[in-house]
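The next block is start_34.txt, given as compact mmCIF, C-alpha atoms.
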# COMPACT_ATOMS: atom_id res chain seq x y z
CA MET C 1021 104.96 26.29 -21.37
CA GLU C 1022 108.26 26.16 -23.15
CA VAL C 1023 110.55 29.17 -22.86
CA PRO C 1024 111.55 30.59 -26.27
CA ILE C 1025 115.25 31.20 -26.77
CA LEU C 1026 116.05 34.10 -29.11
CA LYS C 1027 119.38 34.82 -30.74
CA GLN C 1028 120.47 38.43 -30.88
CA GLY C 1029 124.00 38.83 -32.25
CA GLU C 1030 126.41 37.16 -29.89
CA VAL C 1031 123.80 36.87 -27.18
CA LEU C 1032 121.03 34.36 -26.46
CA ILE C 1033 117.93 35.76 -24.75
CA ALA C 1034 115.47 33.57 -22.85
CA THR C 1035 112.39 35.35 -21.52
CA PHE C 1036 110.26 33.70 -18.83
CA GLN C 1037 106.66 34.25 -19.86
CA ALA C 1038 104.65 33.10 -16.88
CA ALA C 1039 104.73 30.59 -14.08
CA LEU C 1040 106.94 27.70 -15.18
CA SER C 1041 106.84 24.08 -14.13
CA ASP C 1042 109.98 22.32 -12.99
CA ALA C 1043 109.98 20.36 -16.28
CA ASP C 1044 109.94 23.63 -18.26
CA LEU C 1045 112.90 24.89 -16.27
CA ASN C 1046 114.85 21.68 -16.93
CA GLN C 1047 114.07 21.96 -20.60
CA LEU C 1048 115.24 25.57 -20.66
CA ARG C 1049 118.47 24.55 -18.98
CA SER C 1050 119.33 21.88 -21.51
CA GLY C 1051 118.14 24.08 -24.39
CA LEU C 1052 120.39 26.98 -23.40
CA VAL C 1053 123.40 24.82 -22.72
CA GLN C 1054 123.11 23.17 -26.15
CA GLN C 1055 122.41 26.30 -28.14
CA VAL C 1056 125.10 28.43 -26.58
CA VAL C 1057 127.72 26.33 -28.33
CA ARG C 1058 125.72 25.71 -31.48
CA PHE C 1059 125.34 29.46 -32.10
CA ARG C 1060 128.82 30.24 -30.78
CA SER C 1061 127.19 32.74 -28.38
CA ARG C 1062 129.32 34.63 -25.88
CA GLY C 1063 126.56 35.66 -23.55
CA VAL C 1064 123.16 34.55 -22.26
CA ILE C 1065 120.45 36.75 -20.78
CA VAL C 1066 117.64 35.18 -18.75
CA ASP C 1067 114.79 37.68 -18.32
CA VAL C 1068 112.52 36.98 -15.35
CA THR C 1069 110.56 40.28 -15.41
CA ALA C 1070 107.24 38.48 -15.69
CA MET C 1071 107.86 36.23 -12.70
CA ASP C 1072 106.19 37.34 -9.49
CA VAL C 1073 107.72 34.47 -7.55
CA LEU C 1074 111.03 32.63 -7.83
CA ASP C 1075 111.12 29.54 -5.64
CA SER C 1076 114.10 27.51 -4.54
CA PHE C 1077 113.97 25.19 -7.55
CA ALA C 1078 113.91 28.12 -9.97
CA SER C 1079 116.78 29.81 -8.11
CA ARG C 1080 118.84 26.64 -8.14
CA THR C 1081 118.17 26.14 -11.82
CA LEU C 1082 119.25 29.71 -12.57
CA ARG C 1083 122.49 29.08 -10.69
CA GLU C 1084 123.07 25.82 -12.49
CA ILE C 1085 122.43 27.45 -15.84
CA THR C 1086 124.97 30.16 -15.03
CA HIS C 1087 127.66 27.71 -13.96
CA MET C 1088 127.09 25.29 -16.82
CA ILE C 1089 127.18 28.07 -19.39
CA ARG C 1090 130.38 29.40 -17.86
CA LEU C 1091 131.87 25.92 -18.36
CA ARG C 1092 130.70 26.09 -21.98
CA GLY C 1093 132.62 29.35 -22.38
CA ALA C 1094 129.96 32.08 -22.12
CA GLU C 1095 128.64 34.56 -19.55
CA THR C 1096 125.12 34.59 -18.11
CA VAL C 1097 123.23 37.46 -16.58
CA ILE C 1098 119.81 37.31 -14.91
CA VAL C 1099 117.70 40.43 -15.49
CA GLY C 1100 114.40 41.87 -14.35
CA ILE C 1101 114.04 40.51 -10.83
CA GLN C 1102 111.22 42.53 -9.22
CA PRO C 1103 111.93 44.34 -5.93
CA GLU C 1104 109.39 42.27 -3.98
CA VAL C 1105 110.70 39.05 -5.50
CA ALA C 1106 114.27 40.04 -4.70
CA PHE C 1107 113.52 40.63 -1.06
CA ALA C 1108 111.45 37.47 -0.72
CA MET C 1109 114.30 35.45 -2.26
CA VAL C 1110 116.85 36.96 0.11
CA GLN C 1111 114.68 36.17 3.09
CA LEU C 1112 114.50 32.57 1.94
CA GLY C 1113 118.28 32.57 1.61
CA LEU C 1114 118.21 32.33 -2.19
CA THR C 1115 120.84 34.92 -2.97
CA LEU C 1116 122.02 33.61 -6.37
CA GLU C 1117 125.64 33.76 -5.34
CA GLY C 1118 128.14 33.94 -8.14
CA VAL C 1119 125.42 34.86 -10.59
CA ALA C 1120 125.48 38.21 -12.37
CA THR C 1121 122.26 40.20 -12.17
CA ALA C 1122 121.05 43.40 -13.82
CA LEU C 1123 118.03 45.65 -13.65
CA ASP C 1124 116.53 44.90 -17.04
CA LEU C 1125 117.30 43.66 -20.55
CA GLU C 1126 119.06 46.87 -21.53
CA GLU C 1127 121.31 46.77 -18.47
CA GLY C 1128 122.01 43.10 -19.07
CA LEU C 1129 123.13 43.76 -22.62
CA ALA C 1130 125.32 46.65 -21.45
CA TYR C 1131 126.88 44.36 -18.84
CA LEU C 1132 127.63 41.64 -21.39
CA ASN C 1133 129.01 44.11 -23.93
CA GLN C 1134 131.40 45.45 -21.33
CA LYS C 1135 132.51 41.89 -20.54
CA PHE C 1136 133.05 41.18 -24.24
CA LYS C 1137 135.14 44.33 -24.61
CA LYS C 1138 137.41 43.27 -21.78
CA THR C 1139 138.07 39.85 -23.29
CA ASN C 1140 138.65 41.19 -26.80
CA MET Y 642 76.98 54.28 21.29
CA ALA Y 643 76.61 51.01 23.16
CA LYS Y 644 78.72 52.39 25.94
CA ARG Y 645 76.51 55.44 26.28
CA ASN Y 646 73.40 53.27 26.46
CA GLY Y 647 74.98 51.17 29.16
CA MET Y 648 75.81 54.27 31.12
CA SER Y 649 72.34 55.78 30.94
CA GLN Y 650 70.86 52.45 31.94
CA GLU Y 651 72.99 52.52 35.00
CA THR Y 652 71.74 56.04 35.69
CA VAL Y 653 68.18 54.85 35.31
CA THR Y 654 68.54 51.97 37.77
CA LEU Y 655 70.24 54.18 40.30
CA ASN Y 656 67.57 56.79 39.85
CA ASN Y 657 64.90 54.12 40.29
CA ARG Y 658 66.43 53.21 43.58
CA ALA Y 659 66.28 56.87 44.53
CA GLY Y 660 62.66 56.94 43.44
CA GLU Y 661 61.87 54.00 45.69
CA LEU Y 662 63.40 55.78 48.62
CA ALA Y 663 61.32 58.88 48.12
CA ARG Y 664 58.37 58.96 45.83
CA ASP Y 665 57.78 62.62 46.41
CA GLU Y 666 60.68 63.84 44.20
CA ALA Y 667 61.58 62.75 40.67
CA PRO Y 668 65.33 62.31 39.99
CA SER Y 669 65.29 65.14 37.48
CA GLU Y 670 63.97 67.48 40.13
CA LEU Y 671 66.75 66.44 42.46
CA LEU Y 672 69.25 67.10 39.72
CA ARG Y 673 67.70 70.53 39.17
CA GLU Y 674 68.02 71.29 42.82
CA LEU Y 675 71.61 70.15 42.75
CA VAL Y 676 72.42 72.35 39.77
CA ALA Y 677 70.76 75.33 41.44
CA HIS Y 678 72.91 74.75 44.49
CA LEU Y 679 76.06 74.58 42.40
CA ARG Y 680 75.10 77.77 40.51
CA GLN Y 681 74.41 79.62 43.72
CA ASN Y 682 77.72 78.76 45.29
CA ARG Y 683 79.69 79.04 42.09
CA THR Y 684 82.22 81.61 43.27
CA GLN Y 685 82.94 79.99 46.59
CA LEU Y 686 83.14 76.41 45.29
CA ARG Y 687 85.30 77.43 42.39
CA GLU Y 688 87.73 79.24 44.64
CA GLU Y 689 87.90 76.30 46.98
CA TRP Y 690 88.59 74.03 44.05
CA VAL Y 691 91.41 76.22 42.74
CA ALA Y 692 92.89 76.35 46.22
CA ARG Y 693 92.80 72.56 46.38
CA ILE Y 694 94.46 72.33 42.98
CA SER Y 695 97.41 74.47 44.01
CA GLU Y 696 97.56 72.69 47.35
CA ALA Y 697 97.91 69.36 45.55
CA ARG Y 698 100.59 70.92 43.29
CA LEU Y 699 98.74 70.00 40.12
CA LEU Y 700 99.01 71.90 36.83
CA THR Y 701 102.40 73.32 37.80
CA ALA Y 702 103.03 74.14 34.15
CA MET Y 703 100.32 76.82 34.25
CA THR Y 704 100.13 80.19 36.02
CA LYS Y 705 97.60 80.88 38.77
CA GLU Y 706 95.50 83.12 36.52
CA GLU Y 707 95.40 80.47 33.81
CA ILE Y 708 94.36 77.83 36.28
CA PHE Y 709 91.60 80.06 37.55
CA ALA Y 710 90.34 80.84 34.04
CA GLU Y 711 90.37 77.18 33.04
CA ALA Y 712 88.80 76.17 36.32
CA THR Y 713 85.94 78.57 35.69
CA SER Y 714 85.22 77.11 32.27
CA VAL Y 715 85.57 73.54 33.51
CA TYR Y 716 83.23 74.30 36.41
CA ASP Y 717 80.62 75.82 34.11
CA SER Y 718 80.80 72.98 31.61
CA TYR Y 719 80.62 70.53 34.49
CA VAL Y 720 77.44 72.11 35.86
CA GLU Y 721 76.01 72.37 32.38
CA ALA Y 722 76.66 68.69 31.73
CA LEU Y 723 74.94 67.85 35.02
CA GLU Y 724 71.99 70.02 34.11
CA THR Y 725 71.40 68.94 30.53
CA GLU Y 726 72.71 65.37 30.93
CA THR Y 727 74.30 65.72 27.50
CA PHE Y 728 77.99 65.33 27.28
CA GLU Y 729 78.77 66.50 23.76
CA ALA Y 730 79.60 70.04 24.81
CA LEU Y 731 81.80 68.79 27.63
CA GLN Y 732 83.48 66.31 25.31
CA ALA Y 733 84.27 69.09 22.83
CA TYR Y 734 85.53 71.28 25.64
CA ALA Y 735 87.71 68.49 27.02
CA ARG Y 736 89.22 67.91 23.61
CA ASN Y 737 89.83 71.60 23.13
CA LEU Y 738 91.39 71.90 26.59
CA SER Y 739 93.64 68.90 25.97
CA GLU Y 740 94.77 70.39 22.67
CA ARG Y 741 95.85 73.53 24.51
CA ILE Y 742 97.49 71.99 27.55
CA ILE Y 743 99.19 68.87 26.17
CA PRO Y 744 101.92 70.87 24.39
CA ARG Y 745 102.64 72.56 27.72
CA GLY Y 746 103.49 69.25 29.35
CA VAL Y 747 100.38 68.63 31.43
CA GLU Y 748 100.26 64.98 32.45
CA THR Y 749 97.34 62.56 32.47
CA HIS Y 750 97.35 62.21 36.26
CA GLU Y 751 97.01 65.99 36.62
CA VAL Y 752 93.92 66.20 34.45
CA LEU Y 753 92.36 63.22 36.22
CA GLY Y 754 93.42 64.74 39.54
CA ILE Y 755 91.73 68.10 39.04
CA VAL Y 756 88.45 66.57 37.90
CA LEU Y 757 88.51 64.22 40.90
CA LEU Y 758 89.20 67.23 43.14
CA LEU Y 759 86.23 69.10 41.71
CA ARG Y 760 84.07 66.08 42.31
CA ASP Y 761 85.32 65.90 45.85
CA VAL Y 762 84.75 69.61 46.49
CA LEU Y 763 81.20 69.41 45.17
CA ALA Y 764 80.40 66.26 47.13
CA ARG Y 765 81.66 67.91 50.31
CA SER Y 766 79.48 70.94 49.74
CA LEU Y 767 76.52 68.61 49.30
CA PHE Y 768 77.37 66.86 52.56
CA ALA Y 769 77.51 70.23 54.29
CA LYS Y 770 74.21 71.38 52.83
CA TYR Y 771 72.17 68.26 53.57
CA GLN Y 772 73.85 67.09 56.74
CA THR Y 773 70.59 67.37 58.66
CA ASP Y 774 68.54 65.39 56.16
CA PHE Y 775 70.37 62.14 55.61
CA LYS Y 776 67.72 60.58 53.34
CA LYS Y 777 67.68 63.52 51.02
CA LEU Y 778 71.49 63.55 50.91
CA ASN Y 779 71.36 59.94 49.80
CA ARG Y 780 68.92 60.71 47.03
CA ILE Y 781 70.92 63.71 45.88
CA LEU Y 782 74.07 61.59 45.78
CA ASP Y 783 72.21 58.91 43.82
CA ALA Y 784 71.48 61.51 41.20
CA TYR Y 785 74.87 63.14 41.36
CA GLU Y 786 77.28 60.20 41.39
CA PRO Y 787 76.45 58.56 38.03
CA ALA Y 788 76.53 61.90 36.26
CA ALA Y 789 79.80 62.82 37.93
CA ASN Y 790 81.26 59.44 36.96
CA ARG Y 791 80.35 60.03 33.36
CA ILE Y 792 81.81 63.50 33.38
CA GLN Y 793 85.01 62.06 34.82
CA SER Y 794 85.31 59.39 32.18
CA THR Y 795 84.39 61.83 29.41
CA VAL Y 796 87.19 64.20 30.36
CA ALA Y 797 89.72 61.40 30.85
CA VAL Y 798 88.89 59.73 27.54
CA GLY Y 799 88.99 63.08 25.76
CA PHE Y 800 92.43 63.81 27.14
CA VAL Y 801 93.87 60.40 26.37
CA GLN Y 802 92.42 60.40 22.85
CA GLU Y 803 93.93 63.77 22.14
CA ARG Y 804 97.28 62.55 23.39
CA GLU Y 805 97.11 59.46 21.23
CA ARG Y 806 96.17 61.56 18.22
CA VAL Y 807 99.24 63.74 18.76
CA ILE Y 808 101.46 60.68 19.13
CA ARG Y 809 100.09 59.11 15.95
CA GLN Y 810 100.57 62.33 14.05
CA GLN Y 811 104.17 62.59 15.19
CA GLN Y 812 104.87 58.96 14.36
CA GLU Y 813 103.61 59.51 10.84
CA ALA Y 814 105.66 62.65 10.44
CA ILE Y 815 108.79 60.86 11.61
CA ARG Y 816 108.10 57.91 9.35
CA GLU Y 817 107.75 60.13 6.32
CA LEU Y 818 110.93 61.99 7.12
CA SER Y 819 112.89 58.92 8.01
CA THR Y 820 113.86 57.32 4.72
CA PRO Y 821 114.80 59.66 1.92
CA VAL Y 822 116.30 57.95 -1.12
CA LEU Y 823 118.30 60.63 -2.91
CA GLN Y 824 119.91 60.63 -6.32
CA VAL Y 825 123.26 62.44 -6.29
CA ARG Y 826 124.42 61.51 -9.76
CA GLU Y 827 123.06 59.65 -12.71
CA ARG Y 828 122.64 56.05 -11.46
CA LEU Y 829 123.96 56.80 -7.97
CA LEU Y 830 121.61 56.85 -4.98
CA ILE Y 831 122.30 57.84 -1.40
CA LEU Y 832 120.27 56.54 1.54
CA PRO Y 833 121.23 58.37 4.72
CA ILE Y 834 119.83 56.69 7.82
CA ILE Y 835 119.56 58.63 11.05
CA GLY Y 836 118.21 57.50 14.40
CA VAL Y 837 117.00 54.22 15.75
CA ILE Y 838 116.09 51.48 13.28
CA ASP Y 839 113.33 49.16 14.42
CA PRO Y 840 112.14 46.18 12.39
CA GLN Y 841 109.23 48.12 10.92
CA ARG Y 842 111.41 51.00 9.82
CA SER Y 843 114.03 48.72 8.32
CA ARG Y 844 111.35 46.94 6.32
CA GLN Y 845 110.07 50.23 5.00
CA LEU Y 846 113.61 51.30 4.25
CA THR Y 847 114.27 48.22 2.16
CA GLU Y 848 111.05 48.69 0.25
CA GLN Y 849 111.81 52.31 -0.58
CA LEU Y 850 115.38 51.54 -1.54
CA LEU Y 851 114.47 48.67 -3.89
CA ARG Y 852 111.77 50.77 -5.47
CA GLY Y 853 114.19 53.70 -5.75
CA ILE Y 854 116.75 51.48 -7.50
CA ARG Y 855 114.16 50.56 -10.09
CA THR Y 856 112.73 53.99 -10.74
CA ASN Y 857 116.13 55.74 -10.88
CA ARG Y 858 117.82 52.82 -12.67
CA ALA Y 859 120.58 53.00 -10.08
CA LYS Y 860 123.78 50.99 -10.42
CA VAL Y 861 125.36 52.01 -7.14
CA VAL Y 862 123.75 52.80 -3.79
CA VAL Y 863 125.53 54.32 -0.81
CA ILE Y 864 123.83 53.55 2.51
CA ASP Y 865 125.19 55.89 5.15
CA ILE Y 866 124.57 54.80 8.73
CA THR Y 867 126.73 57.40 10.48
CA GLY Y 868 123.62 58.57 12.32
CA VAL Y 869 122.79 55.13 13.66
CA ALA Y 870 124.32 54.52 17.07
CA ALA Y 871 123.51 50.85 17.43
CA MET Y 872 121.52 48.09 15.82
CA ASP Y 873 120.46 44.68 17.05
CA ALA Y 874 121.07 41.40 15.30
CA THR Y 875 117.66 41.36 13.60
CA VAL Y 876 118.14 44.76 12.03
CA ALA Y 877 121.74 43.99 11.09
CA ASN Y 878 120.58 40.85 9.33
CA HIS Y 879 117.94 42.88 7.58
CA LEU Y 880 120.59 45.31 6.39
CA VAL Y 881 122.58 42.45 4.90
CA GLN Y 882 119.44 41.14 3.22
CA THR Y 883 118.81 44.58 1.79
CA VAL Y 884 122.32 44.60 0.34
CA GLU Y 885 121.75 41.19 -1.24
CA ALA Y 886 118.32 42.09 -2.61
CA SER Y 887 119.80 45.23 -4.17
CA ARG Y 888 122.40 43.09 -5.86
CA LEU Y 889 119.65 40.93 -7.36
CA LEU Y 890 118.32 44.12 -8.94
CA GLY Y 891 121.77 44.71 -10.40
CA ALA Y 892 122.87 47.49 -8.02
CA ASN Y 893 126.07 47.62 -5.97
CA VAL Y 894 125.65 48.68 -2.37
CA ILE Y 895 128.32 50.50 -0.40
CA VAL Y 896 127.70 50.85 3.33
CA THR Y 897 129.45 53.77 5.00
CA GLY Y 898 129.86 55.17 8.48
CA LEU Y 899 129.65 52.00 10.55
CA SER Y 900 130.17 52.86 14.19
CA PRO Y 901 132.45 50.65 16.30
CA GLU Y 902 129.39 49.24 18.10
CA ILE Y 903 127.72 48.25 14.85
CA ALA Y 904 130.95 46.77 13.55
CA GLN Y 905 131.06 44.70 16.74
CA THR Y 906 127.47 43.56 16.25
CA LEU Y 907 128.12 42.52 12.66
CA VAL Y 908 131.19 40.55 13.67
CA THR Y 909 129.43 38.93 16.63
CA ILE Y 910 126.52 37.66 14.58
CA GLY Y 911 129.03 36.39 12.05
CA ILE Y 912 127.99 38.28 8.97
CA ASP Y 913 129.86 37.37 5.83
CA LEU Y 914 131.64 40.63 5.14
CA GLY Y 915 132.61 39.41 1.68
CA LYS Y 916 129.11 40.31 0.54
CA MET Y 917 129.22 43.74 2.09
CA ASN Y 918 131.17 46.57 0.59
CA THR Y 919 131.96 48.96 3.43
CA VAL Y 920 133.83 52.25 3.44
CA GLY Y 921 134.74 54.38 6.45
CA ASP Y 922 132.86 57.58 5.77
CA LEU Y 923 130.29 58.97 3.37
CA GLN Y 924 132.88 60.88 1.36
CA GLY Y 925 134.91 57.74 0.78
CA GLY Y 926 131.72 55.90 -0.14
CA ILE Y 927 130.75 58.46 -2.76
CA GLU Y 928 134.29 58.47 -4.17
CA GLN Y 929 134.24 54.70 -4.52
CA ALA Y 930 130.78 54.83 -6.09
CA GLU Y 931 132.05 57.35 -8.63
CA ARG Y 932 134.96 55.07 -9.46
CA LEU Y 933 132.54 52.17 -9.98
CA LEU Y 934 130.43 54.31 -12.30
CA GLY Y 935 133.51 55.57 -14.16
CA TYR Y 936 133.28 59.18 -13.02
CA LYS Y 937 136.35 61.21 -12.23
CA VAL Y 938 135.97 64.41 -10.27
CA VAL Y 939 138.59 66.99 -11.20
CA ALA Y 940 139.07 70.39 -9.61
CA LEU Y 941 139.06 73.03 -12.34
CA ALA Y 942 140.83 75.63 -10.24
CA GLU Y 943 142.25 76.19 -6.82
CA PRO Y 944 139.49 77.09 -4.39
CA SER Y 945 139.48 80.86 -3.91
Have the structure of the file written as structure tokens, please.
Amino acid sequence: MEVPILKQGEVLIATFQAALSDADLNQLRSGLVQQVVRFRSRGVIVDVTAMDVLDSFASRTLREITHMIRLRGAETVIVGIQPEVAFAMVQLGLTLEGVATALDLEEGLAYLNQKFKKTN
Amino acid sequence: MAKRNGMSQETVTLNNRAGELARDEAPSELLRELVAHLRQNRTQLREEWVARISEARLLTAMTKEEIFAEATSVYDSYVEALETETFEALQAYARNLSERIIPRGVETHEVLGIVLLLRDVLARSLFAKYQTDFKKLNRILDAYEPAANRIQSTVAVGFVQERERVIRQQQEAIRELSTPVLQVRERLLILPIIGVIDPQRSRQLTEQLLRGIRTNRAKVVVIDITGVAAMDATVANHLVQTVEASRLLGANVIVTGLSPEIAQTLVTIGIDLGKMNTVGDLQGGIEQAERLLGYKVVALAEPS
């Protein structure tokens, strides 16, 4: 299932709906990286609230997305990681280093807005 | 239930053997005779028993009068259990007794010891009574021993069960008390940890903290481990994992009050301190948390 990418002001929002295949994740990565420049977005939010498991491929993809988007001149924040998922990821050593995280969509937007203010 | 059946079967076979030895008396009659003997000599046997208890220095936590009063009730329940061959009343009494004496520091070996003493005292009185009639003594013992064994195990099991119940209750109480997640300001949580952290407790701690972060929408968490004297490598690793998991939920963790020993442990197991934000004491931790959240605490007046 393809992940829809929504544009909200200066921010792109991608919400994971359900379990995603590796192909879907790859598609999301290229989609976000293309659109972030096309829409001149300054921030990207990836919402994983609906995911009850994040495996190593998903974690790596999230990291890659973050780094690639930073190279394209925007900030990424991952939101909505569930407590159980967070602890399972940490135990597997998937700590998403160098990736910004926030509690939910609202927090993610607040985080990005603060970042934008600093660079203005 | 199965255990009880097994026991009574054993009684039956032993009694059968007694029946083969003497067909003139049924085992129940023997038991009745035995009970009558014990009733008759109640005062004397009881006193002898109490004397043996103090001789063996058992039940030192109790006064002489208390021992005598308890001994009387135990003796009566014992005889009653022999007479009726039902152990429910004795079981209830044993539980009740354990409930009363466990808080006073009576040990398992003492309880087992006094019941064994009573058994010994009674057996000796039987030897004395039937010393001329060896066959009859044998039959009486055949009736007495299985019942006495059951009484012994009933009392012991009752005592141990009561002890275990108390321990379980205390464990639960400690567990509930052990991990409070407190909100001190909007979006700031404090998790004070006191005492020994074992793997189970640390798992529970992590769970409560992560859940607390979500429900309180916390941005900063101060974990205070002033009250923790030492932790092993497993628990230390778990602490680091907790910090990382909290970050995935978008919360900053500040760890305060690390003792020198814990600092040593963390360094020895080579924990990447870059991921951990540590401050010396709880006050410093809260001050830093307030800075992160953009609070500024100002004194309005000089303290009076």
Answer as a ChimeraX atom specification, residues within 9 Å of (124.3, 53.6, 1.5) using only C-alpha atoms: /Y:830-834,861-866,894-897,923,926
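The closest residue to chain C, picked from Y:Gly891, Y:Gly898, Y:Pro944, Y:Gly868 and counting all atoms listed in the file, is Y:Gly891.
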Contact residues (chain Y, partner chain C, 10 Å, all atoms listed in the file) as a ChimeraX atom specification: /Y:844,847-855,858-860,878-879,881-892,916
Could you give me the axis-aligned bounding box of range 685-695 of chain Y, with 5 Å of padding per side, as centre plus edge lengths in Å to one decimal, as AutoDock Vina command-line options?
--center_x 90.2 --center_y 76.2 --center_z 44.7 --size_x 24.5 --size_y 17.7 --size_z 14.6
Non-local contacts of Ala870 in chain Y (9 Å; all atoms listed in the file; under 5 positions in same chain excluded) as number ranges by chain: Y: 835-837, 899-900, 902-903
